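Q: Following this message is one structure expressed as structure tokens.
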Amino acid sequence: MSASLYVTPYNGTKGDADAGYSTGVTDLNQFYESGDFAWIITAAALVLLMIPGVGFFYSGLARRKSALSLIMLAMLSTAVVDFQWFFWGYSLTFSHTGSSFIGDLSNFGLMKTLAQPSVGSNKIPDILFCLYQGMFAAITPALAIGAAVDRARVLPCIVFMFIWATIVYDPIAYWTWNANGWSFKMGGLDFAGGTPVHISSGAAALAFSVMIGKRAGYAKNAGLPYRPHNVTHIVLGTVFLWVGWFGFNGGSALAANLRAVMACIVTHLAASVGGITWTLLDYRLEKKWSVVGFCSGAICGLVAITPASGFVTPWAAVIFGIVGSIGCNFATKLKFYMGVDEALDIFAVHAVGGIIGNLLTGIFAANYIAALDGSTTIPGGWINRNYIQLGYQIADCVAGFSYSFVLTCVILFLMNLIPGLNLRVSAENEELGVDDDQLGEFAYDYVELQRHTTDVLTGAPEASGRAGSSKSSDGPEKMV
């Protein structure tokens, strides 16, 4: 990175796990800028905010009887993967030593993880890089686990998150962002997670949907038609995600510099254009200005720009927003051709959106944008006449998608064979609702009841005596 007038050059051990005490100094802060610390800590908090945003977004899209479980699974992803990241996830992903595929356990339990310049940037130390990247690790299973909607048990989902983060996310993130990884060495460009976060989670959601099977009542041609139960939740989730994405992409500059600002600019622009594009696509069919459509399009723009946000110009961001939104919009039909009940279109938005973003990065990446941090040098994409870059991007997409899809299928297949870890709720409990069956709680502070007209008019005591039963066919029924 560029030299600074206000910091001392790091003089300790590099290339191996070391806490930084090899420098012989008493104040380890002297090697870093406080402004960089402030921005990356803030960015980490913004990415953390995105995780409940995912939960609210999915909750609003789903039916009422599964709304709370989706928020719960998103929050569980934060807790489960945070422990996994402390335990061995960070070491497997960002150790200073390792193979071309995965790191080692030299930072197991965050030992020797403190003040040495990180793998990602010598502007921030290992411990801060660990905090920031841990939020990426936590949100990725949260994105994928939306495929569990209406039909999955909570305990297997918890176990799945830990195993998937270890076997799938950590290797993909390693080979993408660690300087020892094969994709990094090849020259693949992925600024903030097109493959490790979006393609891997989209592929995992598709695999989860295949392995767990269709929901009751699913029809091949029409799916399981119902309207999102709470559009306000969708808007709330979109706001959390949109704001948090400033930390997701802008923070990936790993310092407070012009490149971080440019990443925020193109992120915001791609989201805005994506939202308008999807809204217009829906309007041409329904002649309605869809709020759900706008929110979906904004997310598609954000997904598409993610791998490119530190490499492209603002005018290119407009193309990312338009192409990403159109591509994801039409990709929502693919599940019907595949015969897969992928209820929340995670594959269409994240896998397809991530692939579109990766490929467009190979075309529009500009070496002069990457250089805004004062040190990064890349050959660029097609606009710099580096035509092989698109081939690198294709290789990265294919590797990330296929690895995540196959390994997710294997993990779920083996888990389903273990007593107590069967994935799916019973048919009776699926009809009752996952919130009632698995949580015993609901998304709202009341339970809406439907009573027969005669119960209201006559006040029949035999009916009122059964008011607490959610399974009785004669008494009040919960609306879902």
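Residues in the structure tokens are numbered from 1 in each chain, the chains being A, B, ... in the order shown, and ligands are numbered from 1 in the order shown.
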Could I get the residues of region 147-203 of chain A with an atom no further than 10 Å from an atom of region 251-260 of chain A, each paired with its nearest atom pair and that distance in Å to one decimal, using only C-alpha atoms, sorted by chain and residue number, as CSV?
A:
residue,atom,partner,partner_atom,distance
A:Phe191,CA,A:Ser252,CA,6.7
A:Ala192,CA,A:Ser252,CA,5.8
A:Gly193,CA,A:Ser252,CA,9.3
Q: Would you mind exporting N, CA, C and O atoms of the selected residues as a PDB file, in the first residue's frame?
A:
ATOM      1  N   PHE A 191     -13.736  -8.266  -6.068  1.00  0.00           N
ATOM      2  CA  PHE A 191     -13.437  -7.266  -5.054  1.00  0.00           C
ATOM      3  C   PHE A 191     -14.103  -7.563  -3.720  1.00  0.00           C
ATOM      4  O   PHE A 191     -13.481  -7.438  -2.669  1.00  0.00           O
ATOM      5  N   ALA A 192     -15.385  -7.962  -3.743  1.00  0.00           N
ATOM      6  CA  ALA A 192     -16.121  -8.039  -2.473  1.00  0.00           C
ATOM      7  C   ALA A 192     -16.979  -9.289  -2.318  1.00  0.00           C
ATOM      8  O   ALA A 192     -17.791  -9.340  -1.394  1.00  0.00           O
ATOM      9  N   GLY A 193     -16.851 -10.287  -3.193  1.00  0.00           N
ATOM     10  CA  GLY A 193     -17.543 -11.533  -2.904  1.00  0.00           C
ATOM     11  C   GLY A 193     -18.512 -12.051  -3.931  1.00  0.00           C
ATOM     12  O   GLY A 193     -19.483 -12.726  -3.573  1.00  0.00           O
TER      13      GLY A 193
END
Q: Just list as an NGL selection string whatever in region 177-355 of chain A DSSP marks as alpha helix (DSSP H).
A: :A and (177 or 182-186 or 200-212 or 231-250 or 258-286 or 291-305 or 314-331 or 334-338 or 346 or 352-355)
Q: So that I can check the surroundings of Ile355 (chain A), please list as a CSV table (one decimal) with all heavy atoms, in the first residue's frame every protein, DNA and RNA residue that reaches within 7 Å of it, counting only C-alpha atoms and ignoring chain neighbours fewer than 4 positions away.
A:
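Final output, selection.csv:
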chain,number,residue,atom,x,y,z
A,199,ILE,N,-22.4,-16.4,-5.5
A,199,ILE,CA,-22.5,-17.6,-6.3
A,199,ILE,C,-22.5,-18.8,-5.4
A,199,ILE,O,-23.3,-19.7,-5.6
A,199,ILE,CB,-21.3,-17.7,-7.3
A,199,ILE,CG1,-21.4,-16.6,-8.3
A,199,ILE,CG2,-21.3,-19.1,-8.0
A,199,ILE,CD1,-20.2,-16.6,-9.3
A,351,ALA,N,-26.9,-16.4,-7.3
A,351,ALA,CA,-26.0,-17.2,-8.2
A,351,ALA,C,-26.0,-16.5,-9.6
A,351,ALA,O,-24.9,-16.2,-10.1
A,351,ALA,CB,-26.5,-18.6,-8.3
A,359,LEU,N,-18.7,-11.8,-14.7
A,359,LEU,CA,-18.4,-11.8,-16.2
A,359,LEU,C,-18.3,-10.3,-16.6
A,359,LEU,O,-17.4,-10.0,-17.4
A,359,LEU,CB,-19.5,-12.5,-17.0
A,359,LEU,CG,-19.7,-14.0,-16.7
A,359,LEU,CD1,-20.7,-14.6,-17.6
A,359,LEU,CD2,-18.4,-14.7,-16.8
A,397,CYS,N,-16.2,-18.6,-11.9
A,397,CYS,CA,-17.6,-18.8,-11.7
A,397,CYS,C,-17.9,-20.3,-11.7
A,397,CYS,O,-18.7,-20.8,-10.9
A,397,CYS,CB,-18.4,-18.1,-12.8
A,397,CYS,SG,-18.4,-16.3,-12.8
Q: Would you compute the distance between CA of Ala205 (chain A) and CA of Ala144 (chain A)? Give it in Å to one decimal.
A: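 Straight-line distance from CA of Ala205 (chain A) to CA of Ala144 (chain A) works out to 4.7 Å.
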Q: Give me the residues within 12 Å of Val340 (chain A) as a ChimeraX atom specification, counting only C-alpha atoms and dropping any in the same chain fewer than 2 places off.
A: /A:147,205-215,218-224,332-338,342-345,347
Q: Got time to write the residues from that selection, C-alpha atoms, as a compact mmCIF listing (two decimals), in the first residue's frame?
A:
# COMPACT_ATOMS: atom_id res chain seq x y z
CA ALA A 147 -34.12 -22.30 0.90
CA ALA A 205 -29.78 -22.69 -1.98
CA LEU A 206 -30.48 -24.55 -5.22
CA ALA A 207 -28.85 -27.70 -3.84
CA PHE A 208 -30.77 -27.36 -0.55
CA SER A 209 -34.04 -27.07 -2.47
CA VAL A 210 -33.22 -30.16 -4.54
CA MET A 211 -32.24 -32.26 -1.52
CA ILE A 212 -35.09 -31.31 0.80
CA GLY A 213 -37.80 -31.66 -1.85
CA LYS A 214 -40.84 -29.67 -2.83
CA ARG A 215 -43.27 -28.14 -0.38
CA TYR A 218 -46.29 -27.40 -5.10
CA ALA A 219 -47.33 -27.58 -8.76
CA LYS A 220 -44.72 -27.96 -11.51
CA ASN A 221 -46.06 -25.18 -13.72
CA ALA A 222 -47.42 -22.75 -11.12
CA GLY A 223 -45.19 -23.47 -8.12
CA LEU A 224 -46.92 -22.70 -4.83
CA THR A 332 -36.62 -16.53 -11.76
CA LYS A 333 -38.31 -18.72 -14.40
CA LEU A 334 -35.47 -21.26 -14.46
CA LYS A 335 -36.73 -23.10 -11.37
CA PHE A 336 -39.86 -24.14 -13.27
CA TYR A 337 -37.78 -25.58 -16.11
CA MET A 338 -35.61 -27.40 -13.59
CA GLU A 342 -36.60 -22.80 -4.81
CA ALA A 343 -39.12 -20.63 -3.05
CA LEU A 344 -37.33 -17.31 -2.51
CA ASP A 345 -35.38 -17.10 -5.81
CA PHE A 347 -30.48 -18.97 -6.98
Q: Out of A:Glu430, A:Asp27, A:Asp396, A:Asp341, which residue has the shortest atom-to-atom distance to Met186 (chain A) when counting only C-alpha atoms?
A: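 Of the candidates, the smallest distance to Met186 (chain A) is held by A:Asp396.
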Q: Which residues of region 106-203 of chain A have any atom within 8 Å of an atom in region 408-422 of chain A when counting only C-alpha atoms, and what is the closest pair of atoms for each, with the distance in Å to one decimal? Order the rows by chain and rising number and write it as a tab-separated table.
A:
residue	atom	partner	partner_atom	distance
A:Arg153	CA	A:Asn422	CA	7.9
A:Leu155	CA	A:Leu421	CA	7.0
A:Pro156	CA	A:Leu421	CA	5.1
A:Phe160	CA	A:Leu412	CA	7.5
A:Ile163	CA	A:Ile411	CA	7.8
A:Trp164	CA	A:Thr408	CA	7.1
A:Val168	CA	A:Thr408	CA	7.7
Q: If we count only C-alpha atoms and set the cut-off at 9 Å, which residues sit around region 108-125 of chain A, ignoring sequence neighbours fewer than 3 positions away in its own chain? Please answer as a PyMOL selection string.
A: chain A and resi 1-2+10+12-15+17-21+28-29+31-33+36-37+40+85-92+94-96+104-105+128-130+177-179+253-255
Q: Rounded to one decimal, what separation in Å do you get between CA of Ala366 (chain A) and CA of Ile41 (chain A)?
A: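 CA of Ile41 (chain A) lies 27.8 Å from CA of Ala366 (chain A).
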Q: Which one is closest to Tyr132 (chain A): A:Gly24, A:Gly391, A:Gly202, A:Gly247? Count only C-alpha atoms.
A: A:Gly247
Q: Show me, as a PyMOL selection string, the residues that have an atom within 12 Å of region 315-319 of chain A when counting only C-alpha atoms, minus same-chain residues fewer than 6 positions from it.
A: chain A and resi 262-277+301-309+325-327+356-357+360-366+369+383
Q: So which residues touch Asp435 (chain A) within 10 Å, counting only C-alpha atoms, skipping near sequence neighbours fewer than 4 positions away, as an mmCIF file with N, CA, C and O atoms, in the first residue's frame?
A:
data_model
loop_
_atom_site.group_PDB
_atom_site.id
_atom_site.type_symbol
_atom_site.label_atom_id
_atom_site.label_comp_id
_atom_site.auth_asym_id
_atom_site.auth_seq_id
_atom_site.Cartn_x
_atom_site.Cartn_y
_atom_site.Cartn_z
ATOM 1 N N ARG A 64 -46.922 -16.256 6.347
ATOM 2 C CA ARG A 64 -46.921 -15.848 7.740
ATOM 3 C C ARG A 64 -46.471 -16.968 8.667
ATOM 4 O O ARG A 64 -45.773 -16.730 9.651
ATOM 5 N N LYS A 65 -46.813 -18.198 8.366
ATOM 6 C CA LYS A 65 -46.513 -19.292 9.280
ATOM 7 C C LYS A 65 -45.037 -19.681 9.295
ATOM 8 O O LYS A 65 -44.625 -20.501 10.112
ATOM 9 N N SER A 66 -44.234 -19.092 8.397
ATOM 10 C CA SER A 66 -42.794 -19.350 8.395
ATOM 11 C C SER A 66 -41.981 -18.074 8.605
ATOM 12 O O SER A 66 -40.750 -18.111 8.522
ATOM 13 N N ALA A 67 -42.638 -16.968 8.877
ATOM 14 C CA ALA A 67 -41.970 -15.663 8.877
ATOM 15 C C ALA A 67 -40.901 -15.548 9.954
ATOM 16 O O ALA A 67 -39.787 -15.080 9.703
ATOM 17 N N LEU A 68 -41.205 -15.965 11.163
ATOM 18 C CA LEU A 68 -40.265 -15.782 12.267
ATOM 19 C C LEU A 68 -39.080 -16.729 12.152
ATOM 20 O O LEU A 68 -37.953 -16.377 12.506
ATOM 21 N N SER A 69 -39.307 -17.931 11.642
ATOM 22 C CA SER A 69 -38.221 -18.908 11.540
ATOM 23 C C SER A 69 -37.122 -18.414 10.601
ATOM 24 O O SER A 69 -35.929 -18.692 10.827
ATOM 25 N N LEU A 70 -37.484 -17.677 9.564
ATOM 26 C CA LEU A 70 -36.474 -17.160 8.640
ATOM 27 C C LEU A 70 -35.620 -16.075 9.284
ATOM 28 O O LEU A 70 -34.408 -15.997 9.051
ATOM 29 N N MET A 72 -35.080 -15.963 12.508
ATOM 30 C CA MET A 72 -34.297 -16.715 13.486
ATOM 31 C C MET A 72 -33.093 -17.391 12.837
ATOM 32 O O MET A 72 -31.980 -17.364 13.378
ATOM 33 N N ASP A 150 -40.492 -22.987 5.019
ATOM 34 C CA ASP A 150 -41.727 -23.777 5.094
ATOM 35 C C ASP A 150 -41.522 -25.260 5.411
ATOM 36 O O ASP A 150 -42.508 -25.966 5.638
ATOM 37 N N ASN A 429 -46.728 -31.097 10.510
ATOM 38 C CA ASN A 429 -46.136 -29.866 11.021
ATOM 39 C C ASN A 429 -45.847 -28.865 9.912
ATOM 40 O O ASN A 429 -45.808 -27.656 10.164
ATOM 41 N N GLU A 430 -45.610 -29.347 8.702
ATOM 42 C CA GLU A 430 -45.461 -28.429 7.576
ATOM 43 C C GLU A 430 -46.762 -27.675 7.331
ATOM 44 O O GLU A 430 -46.755 -26.477 7.052
ATOM 45 N N LEU A 439 -40.505 -23.286 16.671
ATOM 46 C CA LEU A 439 -40.204 -22.201 17.593
ATOM 47 C C LEU A 439 -41.231 -22.055 18.707
ATOM 48 O O LEU A 439 -40.901 -21.613 19.809
ATOM 49 N N GLY A 440 -42.489 -22.372 18.409
ATOM 50 C CA GLY A 440 -43.546 -22.140 19.386
ATOM 51 C C GLY A 440 -43.833 -20.664 19.577
ATOM 52 O O GLY A 440 -44.460 -20.251 20.555
ATOM 53 N N GLU A 441 -43.362 -19.860 18.648
ATOM 54 C CA GLU A 441 -43.554 -18.403 18.684
ATOM 55 C C GLU A 441 -43.918 -17.933 17.286
ATOM 56 O O GLU A 441 -43.775 -18.674 16.313
ATOM 57 N N PHE A 442 -44.338 -16.664 17.200
ATOM 58 C CA PHE A 442 -44.819 -16.155 15.926
ATOM 59 C C PHE A 442 -44.200 -14.792 15.628
ATOM 60 O O PHE A 442 -43.654 -14.137 16.509
ATOM 61 N N ALA A 443 -44.307 -14.382 14.401
ATOM 62 C CA ALA A 443 -43.660 -13.144 13.966
ATOM 63 C C ALA A 443 -44.332 -11.895 14.514
ATOM 64 O O ALA A 443 -43.755 -10.810 14.459
#
Q: Quick one: which region 272-298 of chain A residues come within 9 Å of region 230-241 of chain A, and what is the nearest atom pair for each with the distance in Å to one decimal, counting only C-alpha atoms, rows ordered by chain and ascending number, as a Markdown table?
A:
| residue | atom | partner | partner_atom | distance |
| --- | --- | --- | --- | --- |
| A:Val291 | CA | A:Val231 | CA | 7.5 |
| A:Val292 | CA | A:Val231 | CA | 6.8 |
| A:Cys295 | CA | A:Thr238 | CA | 6.1 |
| A:Ser296 | CA | A:Thr238 | CA | 8.3 |
| A:Ala298 | CA | A:Thr238 | CA | 7.9 |
Q: With N, CA and C atoms kept, could you save the residues just selected as a tab-separated table (two decimals), in the first residue's frame?
A:
chain	number	residue	atom	x	y	z
A	291	VAL	N	-43.70	-2.64	-5.45
A	291	VAL	CA	-42.71	-2.39	-4.39
A	291	VAL	C	-41.76	-3.58	-4.27
A	292	VAL	N	-42.32	-4.79	-4.31
A	292	VAL	CA	-41.50	-6.00	-4.24
A	292	VAL	C	-40.54	-6.04	-5.42
A	295	CYS	N	-37.64	-3.56	-4.82
A	295	CYS	CA	-36.69	-4.08	-3.83
A	295	CYS	C	-35.85	-5.22	-4.42
A	296	SER	N	-36.50	-6.11	-5.17
A	296	SER	CA	-35.77	-7.23	-5.79
A	296	SER	C	-34.73	-6.72	-6.77
A	298	ALA	N	-33.25	-3.77	-6.81
A	298	ALA	CA	-32.15	-3.11	-6.10
A	298	ALA	C	-31.15	-4.13	-5.58
